[in-house]
>>> print(open('upload30.txt').read())   # compact mmCIF, C-alpha atoms
# COMPACT_ATOMS: atom_id res chain seq x y z
CA MET A 450 163.38 132.99 129.75
CA ARG A 451 167.05 133.88 129.33
CA ILE A 452 169.30 131.24 127.80
CA ALA A 453 173.08 131.61 127.97
CA ALA A 454 175.05 129.45 125.58
CA VAL A 455 178.58 128.75 124.45
CA ALA A 456 180.45 125.92 122.71
CA ASP A 457 183.98 124.84 121.95
CA LEU A 458 185.70 125.72 125.21
CA HIS A 459 188.30 122.96 124.58
CA PHE A 460 189.42 122.73 128.20
CA GLY A 461 192.98 121.54 128.73
CA PRO A 462 195.13 121.56 131.88
CA GLU A 463 195.97 125.23 131.39
CA SER A 464 192.29 126.23 131.18
CA ALA A 465 191.50 125.74 134.87
CA GLY A 466 189.92 128.88 136.27
CA ALA A 467 190.14 130.75 132.97
CA TYR A 468 186.40 131.35 132.72
CA ARG A 469 185.38 131.50 136.38
CA SER A 470 185.42 135.29 136.70
CA HIS A 471 183.35 135.65 133.54
CA PHE A 472 180.57 133.50 134.99
CA GLU A 473 180.37 135.15 138.42
CA ASP A 474 177.33 137.24 137.48
CA LEU A 475 175.75 134.68 135.18
CA ALA A 476 172.76 134.14 137.47
CA ASP A 477 171.89 137.85 137.08
CA ARG A 478 171.94 137.55 133.31
CA ALA A 479 170.52 134.11 132.50
CA ASP A 480 168.28 131.34 133.79
CA VAL A 481 170.24 128.45 132.31
CA LEU A 482 173.61 127.83 130.68
CA LEU A 483 173.81 125.56 127.64
CA LEU A 484 177.16 124.10 126.53
CA ALA A 485 177.04 122.97 122.89
CA GLY A 486 179.89 120.46 122.89
CA ASP A 487 183.68 120.32 122.64
CA LEU A 488 184.02 121.05 126.29
CA THR A 489 187.42 119.33 126.43
CA ARG A 490 190.58 119.44 124.35
CA VAL A 491 190.74 115.72 123.51
CA GLY A 492 188.13 114.07 125.75
CA GLU A 493 190.37 112.98 128.62
CA PRO A 494 188.54 112.47 131.92
CA SER A 495 191.07 114.79 133.61
CA GLU A 496 189.96 117.56 131.24
CA ALA A 497 186.31 116.81 131.98
CA GLN A 498 187.08 117.20 135.67
CA LEU A 499 188.39 120.71 134.98
CA VAL A 500 185.17 121.56 133.15
CA ALA A 501 183.14 120.14 136.03
CA ASP A 502 185.07 122.23 138.55
CA GLU A 503 184.66 125.35 136.42
CA PHE A 504 180.88 125.11 136.01
CA ARG A 505 179.62 123.32 139.11
CA ASP A 506 178.73 126.53 140.99
CA VAL A 507 177.70 129.07 138.36
CA GLY A 508 174.32 129.68 139.98
CA VAL A 509 172.08 128.40 137.18
CA PRO A 510 171.42 124.91 135.81
CA VAL A 511 174.07 123.82 133.30
CA VAL A 512 173.07 121.57 130.39
CA ALA A 513 175.50 120.15 127.84
CA VAL A 514 175.93 117.93 124.84
CA LEU A 515 179.28 116.41 123.97
CA GLY A 516 181.22 117.22 120.81
CA ASN A 517 183.74 115.37 118.67
CA HIS A 518 186.66 116.52 120.84
CA ASP A 519 184.96 114.95 123.85
CA PHE A 520 185.06 111.60 122.01
CA HIS A 521 188.70 111.68 120.84
CA ALA A 522 190.19 109.78 123.80
CA GLY A 523 187.51 107.11 123.44
CA ARG A 524 185.99 107.79 126.86
CA PRO A 525 182.84 109.86 126.27
CA GLY A 526 180.99 107.89 128.92
CA ALA A 527 183.55 108.81 131.56
CA VAL A 528 183.47 112.45 130.42
CA ALA A 529 179.68 112.54 130.73
CA ASP A 530 179.76 110.82 134.15
CA ILE A 531 182.22 113.34 135.56
CA LEU A 532 180.11 116.25 134.32
CA GLU A 533 176.89 114.69 135.64
CA ARG A 534 178.45 114.17 139.08
CA ALA A 535 179.15 117.91 139.17
CA GLY A 536 175.49 118.61 138.44
CA ILE A 537 175.94 119.33 134.73
CA ARG A 538 173.17 117.60 132.79
CA VAL A 539 174.55 115.87 129.69
CA LEU A 540 171.96 115.24 126.97
CA GLU A 541 172.10 112.67 124.17
CA GLY A 542 168.63 112.11 122.78
CA ASP A 543 166.87 113.24 125.93
CA THR A 544 165.56 116.47 127.41
CA PHE A 545 166.05 118.92 130.24
CA THR A 546 163.13 120.93 131.57
CA LEU A 547 163.19 124.15 133.58
CA ASP A 548 160.10 125.83 135.08
CA LYS A 549 160.51 129.48 135.94
CA ASP A 550 157.96 132.21 136.60
CA GLY A 551 155.15 130.11 135.19
CA LYS A 552 156.99 129.36 131.96
CA ARG A 553 158.53 126.07 130.92
CA LEU A 554 161.79 125.68 128.99
CA SER A 555 162.56 122.36 127.36
CA VAL A 556 165.99 121.60 125.91
CA ALA A 557 166.45 118.58 123.65
CA GLY A 558 170.07 117.67 123.02
CA VAL A 559 172.21 115.45 120.81
CA LYS A 560 175.78 115.59 119.58
CA GLY A 561 174.65 115.34 115.97
CA PHE A 562 177.12 114.48 113.20
CA GLY A 563 178.19 115.41 109.67
CA GLY A 564 177.14 114.38 106.19
CA GLY A 565 176.48 117.65 104.42
CA PHE A 566 173.56 119.75 103.34
CA LEU A 567 170.80 119.77 100.76
CA GLY A 568 172.18 119.05 97.32
CA ALA A 569 175.66 118.14 98.56
CA CYS A 570 175.45 115.39 101.13
CA GLY A 571 176.45 111.79 101.76
CA SER A 572 174.10 108.83 101.38
CA GLU A 573 173.86 105.39 102.94
CA PHE A 574 175.40 103.83 99.85
CA GLY A 575 178.50 101.85 98.99
CA GLU A 576 181.09 100.81 101.50
CA PRO A 577 180.06 99.82 105.02
CA GLU A 578 182.11 102.71 106.42
CA MET A 579 180.16 105.24 104.34
CA LYS A 580 176.86 103.67 105.30
CA ALA A 581 177.86 103.73 108.97
CA PHE A 582 178.84 107.41 108.72
CA VAL A 583 175.52 108.53 107.29
CA ARG A 584 173.53 106.11 109.45
CA HIS A 585 175.07 107.66 112.57
CA THR A 586 173.78 111.07 111.48
CA HIS A 587 170.32 109.63 110.78
CA GLU A 588 170.25 108.08 114.25
CA ARG A 589 171.33 111.30 115.99
CA ALA A 590 168.79 113.33 114.03
CA ASP A 591 166.01 110.85 114.79
CA ARG A 592 166.81 111.01 118.50
CA LEU A 593 166.79 114.81 118.40
CA GLY A 594 163.39 114.83 116.72
CA GLU A 595 161.94 112.35 119.20
CA ALA A 596 163.31 114.31 122.15
CA LEU A 597 161.95 117.61 120.82
CA ALA A 598 158.53 116.10 120.17
CA SER A 599 158.36 114.48 123.60
CA GLN A 600 158.02 117.72 125.57
CA GLU A 601 155.37 120.41 125.78
CA ALA A 602 156.95 123.73 126.72
CA ASP A 603 156.65 127.47 126.25
CA VAL A 604 160.18 127.60 124.87
CA ARG A 605 161.78 124.64 123.12
CA VAL A 606 165.47 124.60 122.28
CA ALA A 607 167.40 122.11 120.16
CA LEU A 608 170.96 121.83 121.46
CA MET A 609 173.58 120.11 119.34
CA HIS A 610 177.27 120.27 118.53
CA TYR A 611 177.15 119.86 114.75
CA ALA A 612 175.47 122.44 112.54
CA PRO A 613 171.95 121.87 111.18
CA VAL A 614 172.24 124.46 108.40
CA PRO A 615 174.99 125.87 106.17
CA ASP A 616 174.06 129.48 107.00
CA THR A 617 176.10 129.43 110.19
CA LEU A 618 179.10 127.90 108.40
CA GLN A 619 179.71 131.04 106.32
CA GLY A 620 183.41 131.70 106.74
CA GLU A 621 184.41 128.06 106.83
CA ARG A 622 185.93 126.40 103.74
CA LEU A 623 183.18 124.96 101.57
CA GLU A 624 185.14 121.70 101.21
CA ILE A 625 184.69 120.82 104.87
CA TYR A 626 180.96 121.56 105.16
CA PRO A 627 180.07 117.82 105.15
CA PHE A 628 182.23 117.41 108.27
CA LEU A 629 180.58 120.32 110.03
CA GLY A 630 176.94 119.28 110.02
CA SER A 631 173.94 117.79 108.32
CA TYR A 632 170.59 118.88 106.94
CA LEU A 633 169.07 115.88 108.77
CA LEU A 634 169.42 117.81 112.03
CA ALA A 635 167.51 120.77 110.59
CA GLU A 636 164.84 118.46 109.22
CA ALA A 637 164.36 116.97 112.69
CA VAL A 638 164.08 120.44 114.19
CA ASP A 639 161.58 121.60 111.59
CA GLU A 640 159.42 118.49 111.84
CA ALA A 641 159.25 118.47 115.64
CA GLY A 642 159.26 122.26 116.01
CA ALA A 643 161.51 124.44 118.12
CA ASP A 644 161.97 128.07 119.02
CA LEU A 645 165.75 128.07 118.76
CA ALA A 646 168.49 125.72 117.58
CA LEU A 647 171.99 126.09 119.01
CA HIS A 648 175.23 124.51 117.86
CA GLY A 649 179.00 124.94 117.88
CA HIS A 650 181.82 123.14 116.03
CA ALA A 651 182.27 125.72 113.24
CA HIS A 652 184.92 128.04 114.71
CA ALA A 653 185.29 130.08 111.54
CA GLY A 654 181.57 130.17 110.84
CA SER A 655 179.04 132.88 111.57
CA GLU A 656 176.50 133.26 114.34
CA ARG A 657 173.10 133.51 112.69
CA GLY A 658 171.07 131.31 110.43
CA THR A 659 167.60 129.85 109.94
CA THR A 660 166.32 126.37 109.15
CA PRO A 661 164.29 125.94 105.95
CA GLY A 662 161.24 125.89 108.24
CA GLY A 663 162.13 129.22 109.85
CA VAL A 664 163.62 128.19 113.19
CA PRO A 665 166.41 130.58 114.27
CA VAL A 666 169.81 128.86 114.39
CA ARG A 667 172.74 130.25 116.34
CA ASN A 668 176.36 129.10 116.20
CA VAL A 669 177.71 129.72 119.70
CA ALA A 670 181.27 128.50 119.12
CA LEU A 671 183.48 130.62 121.37
CA PRO A 672 185.55 132.05 118.50
CA VAL A 673 182.32 133.04 116.71
CA ILE A 674 180.53 134.82 119.55
CA GLY A 675 183.78 136.30 120.91
CA ARG A 676 182.44 136.22 124.47
CA PRO A 677 182.36 133.62 127.25
CA TYR A 678 178.67 133.15 126.46
CA LYS A 679 175.78 134.67 124.53
CA VAL A 680 172.32 135.24 126.02
CA TYR A 681 169.15 134.60 124.00
CA CYS A 682 165.90 135.87 125.47
CA PHE A 683 162.28 134.86 125.16
CA GLY A 684 159.80 137.35 126.67
CA VAL A 685 160.47 141.07 126.96
CA ASP A 686 159.58 141.46 130.64
CA GLU A 687 162.08 139.05 132.05
CA GLY A 688 165.24 141.06 132.26
CA CYS A 689 166.38 141.08 128.67
CA ASP A 690 165.73 144.78 128.26
CA ASP A 691 168.31 145.70 130.87
CA ASP A 692 170.57 148.26 129.19
CA THR A 693 173.55 146.99 131.14
CA LEU A 694 173.36 143.77 129.19
CA GLY A 695 174.23 145.50 125.93
CA THR A 696 172.51 145.56 122.59
CA ARG A 697 169.86 143.21 121.36
CA GLU A 698 168.27 142.34 118.08
CA SER A 699 164.73 141.21 117.47
CA VAL A 700 164.40 137.98 115.52
CA SER A 701 161.03 136.43 114.97
CA SER A 702 160.43 132.72 115.26
CA SER A 703 157.56 131.42 113.22
CA ALA A 704 158.09 127.71 112.92
CA SER A 705 157.13 126.23 116.25
CA ALA A 706 154.89 123.23 115.71
CA ARG A 707 153.66 122.28 119.14
CA MET B 873 211.68 119.28 99.38
CA SER B 874 209.62 119.68 96.21
CA GLU B 875 206.39 121.64 96.18
CA GLN B 876 204.48 118.37 95.97
CA THR B 877 206.31 116.92 98.98
CA ASN B 878 205.73 120.12 100.90
CA ALA B 879 202.00 119.85 100.31
CA TYR B 880 201.88 116.27 101.59
CA THR B 881 204.08 117.14 104.58
CA ALA B 882 201.82 120.08 105.42
CA ALA B 883 198.83 117.75 105.39
CA HIS B 884 200.62 115.32 107.72
CA VAL B 885 201.47 118.16 110.11
CA GLN B 886 197.84 119.26 110.09
CA GLU B 887 196.78 115.70 110.90
CA ALA B 888 199.33 115.50 113.73
CA LEU B 889 198.05 118.75 115.26
CA ALA B 890 194.57 117.24 115.36
CA ARG B 891 195.62 113.86 116.76
CA ASP B 892 198.28 114.90 119.26
CA GLY B 893 196.78 115.15 122.74
CA ARG B 894 198.85 118.24 123.55
CA VAL B 895 197.09 120.20 120.79
CA GLY B 896 193.86 118.57 119.55
CA GLU B 897 193.15 121.39 117.10
CA LEU B 898 191.50 120.73 113.74
CA GLY B 899 191.44 124.22 112.28
CA ILE B 900 195.14 125.01 111.96
CA ALA B 901 196.34 126.05 108.50
CA VAL B 902 199.83 124.78 107.61
CA ASP B 903 201.97 125.95 104.70
CA ILE B 904 205.52 124.81 103.93
CA ALA B 905 207.93 126.49 101.55
CA ASP B 906 211.72 126.89 101.39
CA GLY B 907 212.29 125.13 104.72
CA MET B 908 209.82 127.39 106.47
CA ILE B 909 206.57 126.22 108.08
CA VAL B 910 203.87 128.82 108.57
CA VAL B 911 200.98 127.95 110.88
CA GLN B 912 197.87 130.07 111.25
CA GLY B 913 194.68 129.73 113.24
CA VAL B 914 193.00 130.55 116.52
CA VAL B 915 193.46 128.65 119.80
CA PRO B 916 192.07 129.24 123.29
CA THR B 917 195.34 129.50 125.27
CA GLU B 918 199.02 130.47 125.03
CA GLU B 919 199.92 126.94 126.12
CA ARG B 920 198.02 125.48 123.16
CA ARG B 921 199.86 127.90 120.86
CA ALA B 922 203.21 126.76 122.27
CA ALA B 923 202.22 123.09 122.01
CA ILE B 924 201.63 123.51 118.27
CA GLU B 925 205.19 124.69 117.84
CA GLU B 926 206.44 121.84 120.04
CA VAL B 927 204.69 119.16 118.00
CA ILE B 928 205.95 120.58 114.70
CA SER B 929 209.51 120.88 116.03
CA GLU B 930 209.46 117.20 116.95
CA MET B 931 208.17 116.21 113.52
CA LEU B 932 210.35 118.48 111.42
CA PRO B 933 213.28 119.66 113.54
CA GLU B 934 215.19 121.05 110.57
CA HIS B 935 212.44 123.47 109.59
CA GLU B 936 212.03 127.03 110.76
CA ILE B 937 208.57 127.71 112.20
CA ARG B 938 206.67 130.94 111.75
CA ASN B 939 203.95 130.76 114.39
CA ARG B 940 201.06 133.01 113.39
CA ILE B 941 198.60 131.32 115.73
CA VAL B 942 196.38 133.79 117.56
CA VAL B 943 195.12 133.21 121.09
CA GLU B 944 191.41 133.99 121.27
CA PRO B 945 190.91 136.64 123.97
CA ILE B 946 188.02 136.15 126.36
CA HIS B 947 186.02 139.35 126.51
CA ASP B 948 183.61 140.10 129.29
CA GLY B 949 179.86 140.13 129.09
CA GLY B 950 177.26 138.33 127.06
CA GLU B 951 175.21 140.62 124.87
CA PRO B 952 171.61 139.38 124.80
CA GLU B 953 169.46 138.89 121.72
CA MET B 954 165.67 138.81 121.77
CA ILE B 955 164.43 135.75 119.93
CA GLY B 956 160.77 135.72 120.78
>>> encode(input="upload30.txt", output="structure tokens")
Amino acid sequence: MRIAAVADLHFGPESAGAYRSHFEDLADRADVLLLAGDLTRVGEPSEAQLVADEFRDVGVPVVAVLGNHDFHAGRPGAVADILERAGIRVLEGDTFTLDKDGKRLSVAGVKGFGGGFLGACGSEFGEPEMKAFVRHTHERADRLGEALASQEADVRVALMHYAPVPDTLQGERLEIYPFLGSYLLAEAVDEAGADLALHGHAHAGSERGTTPGGVPVRNVALPVIGRPYKVYCFGVDEGCDDDTLGTRESVSSSASAR
Amino acid sequence: MSEQTNAYTAAHVQEALARDGRVGELGIAVDIADGMIVVQGVVPTEERRAAIEEVISEMLPEHEIRNRIVVEPIHDGGEPEMIG
């Protein structure tokens, strides 16, 4: 199974067509394309339409979660509807399944939210606004865990916008870590089990990390990966060892609880 | 403006660059000193880079702007990584 992923495209009016040539051969390189949020500049439906037009015919299924930018205009429902009408599956606490060559891929997706990481995180305490902030993260994490646990698959991927671990935030200012992700997302991934967790949001972060339970985490924010997408492969006989695709690195996953 | 005022003004500019629909960027660094505004960061397009300057000019027309924003180039290809 070959999983292409990218986040933080931030489509505005000037972005139309900017990525099309880069995705022409995507079907030769990947079986699915995952978009880890912040597809639009400020969440205007007109921007979502540009994203829909860009990715409607890339030759593989496209699965997305929304990010904070996609909420800014207050119309995330309209953004999701436009993408769905173009055939882009938008996940929020649910799953996408792909069967290919006798293997099943399951993708569980949520936006996620912030709150911080172990030893330096917010709590549901004090003002209603603070309680609401942390409760939102709890709810997103719970939905991610339920979605992950609901599917049996050969490869299970957790797709989110916010970061589940601080590893992939290396390069960002420490002061803003609580706005970049939450350990609750990692806890959900570790409890339900997954083979890979993908996120975006942290433009100045780094690509690779691991949950405390050992699940590989990858930050696929466009400025981090420096490419229109990154491909992650499961299974050596499925096209990942094609030299034309460039270098690869072996990372073992040991935390899948099925 | 005093150093203290500059710091607050820089924070307000940063907030405006996030909220303004022409820009919508949260990761732009803003420094103000001696009537000069220096902005640094990475954006996806030239238009977004120009919009940052436009928004700041409207807010602080008397300031000189040093635009050090970099447009993220889109390279070809997606290098694969074996996970399992």
>>> residues_around(input="upload30.txt", residues="Leu515 in chain A", least_positions_apart="6", cutoff="12 Å", atoms="all atoms listed in the file", output="PyMOL selection string")
chain A and resi 456-459+483-492+497+521+524-530+532+537-542+558-562+608-611+648-650
>>> residues_around(input="upload30.txt", residues="range 469-482 of chain A", least_positions_apart="2", cutoff="10 Å", atoms="all atoms listed in the file", output="ChimeraX atom specification")
/A:450-455,465-467,484-485,502-504,506-513,537,547-549,554,676-682,687-689,691,693-694 /B:946-952
>>> interface_residues(input="upload30.txt", of="chain B", to="chain A", cutoff="12 Å", atoms="only C-alpha atoms", output="PDB file with C-alpha atoms, keeping the file's coordinate frame")
ATOM      1  CA  LEU B 889     198.050 118.750 115.260  1.00  0.00           C
ATOM      2  CA  ALA B 890     194.570 117.240 115.360  1.00  0.00           C
ATOM      3  CA  ARG B 891     195.620 113.860 116.760  1.00  0.00           C
ATOM      4  CA  ASP B 892     198.280 114.900 119.260  1.00  0.00           C
ATOM      5  CA  GLY B 893     196.780 115.150 122.740  1.00  0.00           C
ATOM      6  CA  ARG B 894     198.850 118.240 123.550  1.00  0.00           C
ATOM      7  CA  VAL B 895     197.090 120.200 120.790  1.00  0.00           C
ATOM      8  CA  GLY B 896     193.860 118.570 119.550  1.00  0.00           C
ATOM      9  CA  GLU B 897     193.150 121.390 117.100  1.00  0.00           C
ATOM     10  CA  LEU B 898     191.500 120.730 113.740  1.00  0.00           C
ATOM     11  CA  GLY B 899     191.440 124.220 112.280  1.00  0.00           C
ATOM     12  CA  ILE B 900     195.140 125.010 111.960  1.00  0.00           C
ATOM     13  CA  ALA B 901     196.340 126.050 108.500  1.00  0.00           C
ATOM     14  CA  GLY B 913     194.680 129.730 113.240  1.00  0.00           C
ATOM     15  CA  VAL B 914     193.000 130.550 116.520  1.00  0.00           C
ATOM     16  CA  VAL B 915     193.460 128.650 119.800  1.00  0.00           C
ATOM     17  CA  PRO B 916     192.070 129.240 123.290  1.00  0.00           C
ATOM     18  CA  THR B 917     195.340 129.500 125.270  1.00  0.00           C
ATOM     19  CA  GLU B 918     199.020 130.470 125.030  1.00  0.00           C
ATOM     20  CA  GLU B 919     199.920 126.940 126.120  1.00  0.00           C
ATOM     21  CA  ARG B 920     198.020 125.480 123.160  1.00  0.00           C
ATOM     22  CA  ARG B 921     199.860 127.900 120.860  1.00  0.00           C
ATOM     23  CA  ALA B 922     203.210 126.760 122.270  1.00  0.00           C
ATOM     24  CA  ALA B 923     202.220 123.090 122.010  1.00  0.00           C
ATOM     25  CA  VAL B 942     196.380 133.790 117.560  1.00  0.00           C
ATOM     26  CA  VAL B 943     195.120 133.210 121.090  1.00  0.00           C
ATOM     27  CA  GLU B 944     191.410 133.990 121.270  1.00  0.00           C
ATOM     28  CA  PRO B 945     190.910 136.640 123.970  1.00  0.00           C
ATOM     29  CA  ILE B 946     188.020 136.150 126.360  1.00  0.00           C
ATOM     30  CA  HIS B 947     186.020 139.350 126.510  1.00  0.00           C
ATOM     31  CA  ASP B 948     183.610 140.100 129.290  1.00  0.00           C
ATOM     32  CA  GLY B 949     179.860 140.130 129.090  1.00  0.00           C
ATOM     33  CA  GLY B 950     177.260 138.330 127.060  1.00  0.00           C
ATOM     34  CA  GLU B 951     175.210 140.620 124.870  1.00  0.00           C
ATOM     35  CA  PRO B 952     171.610 139.380 124.800  1.00  0.00           C
ATOM     36  CA  GLU B 953     169.460 138.890 121.720  1.00  0.00           C
ATOM     37  CA  MET B 954     165.670 138.810 121.770  1.00  0.00           C
ATOM     38  CA  ILE B 955     164.430 135.750 119.930  1.00  0.00           C
ATOM     39  CA  GLY B 956     160.770 135.720 120.780  1.00  0.00           C
TER      40      GLY B 956
END
>>> residues_around(input="upload30.txt", residues="Arg938 in chain B", least_positions_apart="2", cutoff="12 Å", atoms="only C-alpha atoms", output="MDAnalysis selection string")
chainID B and resid 901:905 907:912 921:922 924:925 928:929 935:936 940:941
>>> atom_distance(input="upload30.txt", atom1="CA of Leu623 in chain A", atom2="CA of Tyr880 in chain B")
20.6 Å
>>> atom_distance(input="upload30.txt", atom1="CA of Glu624 in chain A", atom2="CA of Glu926 in chain B")
28.4 Å
>>> atom_distance(input="upload30.txt", atom1="CA of Gly575 in chain A", atom2="CA of Ala883 in chain B")
26.6 Å
>>> residues_around(input="upload30.txt", residues="Asp603 in chain A", least_positions_apart="4", cutoff="8 Å", atoms="only C-alpha atoms", output="list in words")
Lys552, Arg553, Leu554 and Ser555 of chain A
>>> axis_aligned_box(input="upload30.txt", around="range 596-614 of chain A", padding_each_side="8 Å", output="lines of an AutoDock Vina configuration file")
center_x = 166.3
center_y = 121.0
center_z = 117.6
size_x = 37.9
size_y = 29.3
size_z = 34.3
>>> closest_residue(input="upload30.txt", among="B:Ser874, B:His884, B:Asp906, B:Ala879", to="Glu934 in chain B", atoms="only C-alpha atoms")
B:Asp906
>>> closest_residue(input="upload30.txt", among="A:Tyr626, A:Phe566, A:Phe520, A:Phe582", to="Pro494 in chain A", atoms="only C-alpha atoms")
A:Phe520
